[in-house]
>>> print(open('work-v9.tsv').read())   # TSV, C-alpha atoms
chain	number	residue	atom	x	y	z
Y	1434	MET	CA	0.00	0.00	0.00
Y	1435	ALA	CA	1.28	3.49	-0.87
Y	1436	TYR	CA	1.60	6.13	1.83
Y	1437	ARG	CA	2.76	9.04	-0.28
Y	1438	TYR	CA	2.25	12.43	1.36
Y	1439	PHE	CA	2.22	15.85	-0.29
Y	1440	ALA	CA	3.16	18.99	1.68
Y	1441	VAL	CA	2.16	22.58	1.07
Y	1442	ASP	CA	3.92	25.55	2.70
Y	1443	VAL	CA	1.51	28.43	2.03
Y	1444	GLY	CA	2.87	31.94	1.84
Y	1445	ASP	CA	1.40	35.22	0.63
Y	1446	LYS	CA	3.66	35.36	-2.43
Y	1447	ARG	CA	4.98	31.82	-2.83
Y	1448	VAL	CA	3.92	28.26	-2.01
Y	1449	GLY	CA	6.48	25.55	-1.38
Y	1450	LEU	CA	5.62	22.00	-2.44
Y	1451	ALA	CA	7.15	18.70	-1.35
Y	1452	VAL	CA	6.31	15.02	-1.69
Y	1453	SER	CA	7.31	11.85	0.10
Y	1454	ASP	CA	8.36	8.59	-1.43
Y	1455	ALA	CA	5.63	5.96	-1.85
Y	1456	LEU	CA	6.47	4.41	1.53
Y	1457	GLY	CA	6.13	7.70	3.43
Y	1458	ILE	CA	9.75	7.61	4.62
Y	1459	THR	CA	11.66	10.36	2.80
Y	1460	ALA	CA	10.64	13.81	1.60
Y	1461	GLN	CA	11.76	15.79	-1.42
Y	1462	GLY	CA	11.14	19.44	-2.22
Y	1463	LEU	CA	9.47	19.84	-5.59
Y	1464	GLU	CA	8.67	23.37	-6.58
Y	1465	THR	CA	8.20	26.92	-5.44
Y	1466	TYR	CA	4.93	28.16	-6.92
Y	1467	HIS	CA	4.56	31.93	-7.32
Y	1468	ARG	CA	1.07	33.09	-6.35
Y	1469	THR	CA	-0.97	34.90	-9.02
Y	1470	GLY	CA	-3.24	36.90	-6.71
Y	1471	ASP	CA	-6.19	34.66	-7.67
Y	1472	ASP	CA	-6.61	32.24	-4.76
Y	1473	GLU	CA	-8.92	29.89	-6.66
Y	1474	ARG	CA	-6.53	29.65	-9.60
Y	1475	ASP	CA	-3.60	29.08	-7.23
Y	1476	ALA	CA	-5.51	26.42	-5.29
Y	1477	GLU	CA	-6.47	24.61	-8.49
Y	1478	TYR	CA	-2.83	24.56	-9.58
Y	1479	ILE	CA	-1.74	23.09	-6.23
Y	1480	ARG	CA	-4.55	20.50	-6.23
Y	1481	GLU	CA	-3.78	19.38	-9.79
Y	1482	TYR	CA	-0.04	19.31	-9.07
Y	1483	ALA	CA	-0.67	17.12	-6.02
Y	1484	LYS	CA	-2.83	14.73	-8.04
Y	1485	ARG	CA	0.17	13.91	-10.26
Y	1486	TYR	CA	1.75	12.15	-7.28
Y	1487	ALA	CA	-1.44	10.44	-6.09
Y	1488	PRO	CA	-0.79	11.11	-2.39
Y	1489	CYS	CA	-3.03	9.62	0.27
Y	1490	ARG	CA	-2.75	12.84	2.31
Y	1491	ILE	CA	-2.02	16.52	1.77
Y	1492	VAL	CA	-0.25	18.17	4.70
Y	1493	PHE	CA	-0.51	21.93	5.08
Y	1494	GLY	CA	2.02	23.82	7.17
Y	1495	MET	CA	0.06	25.63	9.87
Y	1496	PRO	CA	1.65	28.83	11.13
Y	1497	ARG	CA	1.42	29.32	14.87
Y	1498	ASN	CA	2.71	31.96	17.21
Y	1499	MET	CA	5.67	31.01	19.38
Y	1500	ASP	CA	3.28	30.57	22.35
Y	1501	GLY	CA	1.35	27.96	20.31
Y	1502	SER	CA	-1.67	30.16	19.60
Y	1503	TYR	CA	-3.15	30.66	16.16
Y	1504	GLY	CA	-3.11	34.06	14.49
Y	1505	PHE	CA	-4.19	35.78	11.30
Y	1506	ALA	CA	-1.75	33.79	9.16
Y	1507	SER	CA	-3.38	30.56	10.36
Y	1508	GLU	CA	-6.77	31.76	9.17
Y	1509	LYS	CA	-5.32	32.53	5.73
Y	1510	VAL	CA	-3.79	29.04	5.50
Y	1511	LYS	CA	-7.09	27.40	6.54
Y	1512	ALA	CA	-9.01	29.39	3.93
Y	1513	PHE	CA	-6.50	28.51	1.20
Y	1514	ALA	CA	-6.49	24.84	2.27
Y	1515	GLU	CA	-10.29	24.76	1.90
Y	1516	LEU	CA	-9.91	25.92	-1.69
Y	1517	VAL	CA	-7.20	23.35	-2.42
Y	1518	LEU	CA	-9.33	20.60	-0.88
Y	1519	THR	CA	-12.37	21.40	-3.05
Y	1520	GLY	CA	-12.86	18.21	-5.03
Y	1521	TRP	CA	-9.99	16.46	-3.22
Y	1522	GLU	CA	-10.93	12.94	-2.20
Y	1523	GLY	CA	-7.93	12.05	-0.07
Y	1524	GLU	CA	-7.09	12.88	3.52
Y	1525	HIS	CA	-5.53	16.08	4.75
Y	1526	ASP	CA	-3.88	17.34	7.88
Y	1527	PHE	CA	-2.18	20.42	9.30
Y	1528	TYR	CA	1.29	20.46	10.82
Y	1529	ASP	CA	2.79	23.09	13.11
Y	1530	GLU	CA	5.30	24.81	10.88
Y	1531	ARG	CA	6.94	27.05	13.46
Y	1532	LEU	CA	10.54	27.65	12.47
Y	1533	SER	CA	10.37	25.53	9.28
Y	1534	THR	CA	11.41	28.47	7.13
Y	1535	VAL	CA	14.09	29.39	9.67
Y	1536	ALA	CA	15.46	25.84	9.48
Y	1537	ALA	CA	15.37	25.95	5.67
Y	1538	GLU	CA	17.12	29.35	5.60
Y	1539	ARG	CA	19.80	28.12	8.00
Y	1540	ALA	CA	20.48	25.02	5.90
Y	1541	LEU	CA	20.77	27.10	2.74
Y	1542	PHE	CA	23.00	29.67	4.44
Y	1543	GLU	CA	25.26	26.89	5.69
Y	1544	ALA	CA	25.38	25.57	2.13
Y	1545	GLU	CA	26.75	29.02	1.25
Y	1546	LEU	CA	24.09	29.86	-1.31
Y	1547	ASN	CA	23.73	33.54	-2.08
Y	1548	TRP	CA	20.43	35.24	-1.22
Y	1549	LYS	CA	19.09	35.08	-4.80
Y	1550	LYS	CA	19.56	31.32	-4.98
Y	1551	ARG	CA	18.20	30.87	-1.43
Y	1552	ARG	CA	15.08	32.83	-2.30
Y	1553	LYS	CA	14.35	30.48	-5.22
Y	1554	VAL	CA	14.47	27.30	-3.13
Y	1555	VAL	CA	13.65	28.25	0.47
Y	1556	ASP	CA	9.90	27.66	0.13
Y	1557	ARG	CA	10.18	24.18	-1.32
Y	1558	LEU	CA	12.81	23.33	1.28
Y	1559	ALA	CA	10.47	24.65	4.00
Y	1560	ALA	CA	7.75	22.34	2.61
Y	1561	GLN	CA	10.24	19.47	2.77
Y	1562	VAL	CA	11.07	20.33	6.41
Y	1563	ILE	CA	7.33	20.40	7.22
Y	1564	LEU	CA	6.84	17.02	5.58
Y	1565	GLU	CA	9.84	15.46	7.32
Y	1566	GLY	CA	8.55	16.69	10.67
Y	1567	TYR	CA	5.08	15.41	9.93
Y	1568	MET	CA	6.34	11.97	8.94
Y	1569	THR	CA	8.48	11.79	12.08
Y	1570	LEU	CA	5.40	12.40	14.25
Y	1571	HIS	CA	3.13	10.21	12.11
Y	1572	PRO	CA	5.23	7.24	10.97
Y	1573	VAL	CA	3.68	4.70	8.66
Y	1574	LYS	CA	2.75	1.68	10.73
Y	1575	SER	CA	4.02	-1.59	9.32
Y	1576	GLU	CA	1.34	-4.21	8.89
>>> encode(input="work-v9.tsv", output="structure tokens")
Amino acid sequence: MAYRYFAVDVGDKRVGLAVSDALGITAQGLETYHRTGDDERDAEYIREYAKRYAPCRIVFGMPRNMDGSYGFASEKVKAFAELVLTGWEGEHDFYDERLSTVAAERALFEAELNWKKRRKVVDRLAAQVILEGYMTLHPVKSE
């Protein structure tokens, strides 16, 4: 049975995308999608992109404040997730994404990428970090 997961790191200008292998063990950053300003169009793109990988679950990074509370950014992610999930038949979940972008930025800085190159890949790497964290907390149970 396949346990492929698809992760979405929603931002105001860009959306990072990542996918796991079919066993739900490793994660790989895929793409940084640049938002068009049309939420429905953006959501349709993400949904159709996810369908290419036939994941059993879409995982959305959920921004939280450092004290664990939800803020305005969380509401925007929930609203966008609802649009992405329109017509989606699989499962979905939200994962606390606190510091995922910070971790991605740190890794890219340590790799000595200049800021222009970091900007191009940080969102997909943040989605990968979200997915790796999610899979660590929700490991596939062997049958």
>>> atom_distance(input="work-v9.tsv", atom1="CA of Arg1497 (chain Y)", atom2="CA of Tyr1482 (chain Y)")
26.0 Å
>>> atom_distance(input="work-v9.tsv", atom1="CA of Lys1484 (chain Y)", atom2="CA of Glu1515 (chain Y)")
16.0 Å
>>> residues_around(input="work-v9.tsv", residues="region 1459-1465 of chain Y", least_positions_apart="2", cutoff="10 Å", atoms="only C-alpha atoms", output="count of residues only")
37
>>> atom_distance(input="work-v9.tsv", atom1="CA of His1525 (chain Y)", atom2="CA of Ile1491 (chain Y)")
4.6 Å
>>> closest_residue(input="work-v9.tsv", among="Y:Tyr1436, Y:Tyr1567, Y:Phe1513, Y:Tyr1528", to="Met1495 (chain Y)", atoms="all atoms listed in the file")
Y:Tyr1528
>>> closest_residue(input="work-v9.tsv", among="Y:Asp1529, Y:Glu1477, Y:Val1573, Y:Tyr1466", to="Met1499 (chain Y)", atoms="all atoms listed in the file")
Y:Asp1529
>>> residues_near_point(input="work-v9.tsv", point="(1.0, 29.6, 8.2)", cutoff="6 Å", atoms="only C-alpha atoms", output="list in words")
Gly1494, Met1495, Pro1496, Ala1506, Ser1507 and Val1510 of chain Y
>>> closest_residue(input="work-v9.tsv", among="Y:Ala1435, Y:Val1517, Y:Arg1474, Y:His1571", to="Phe1493 (chain Y)", atoms="all atoms listed in the file")
Y:Val1517
>>> axis_aligned_box(input="work-v9.tsv", around="region 1444-1448 of chain Y", padding_each_side="3 Å", output="AutoDock Vina command-line options")
--center_x 3.2 --center_y 31.8 --center_z -0.5 --size_x 9.6 --size_y 13.1 --size_z 10.7
>>> closest_residue(input="work-v9.tsv", among="Y:Glu1481, Y:Gly1504, Y:Ile1458, Y:Val1492", to="Phe1527 (chain Y)", atoms="only C-alpha atoms")
Y:Val1492
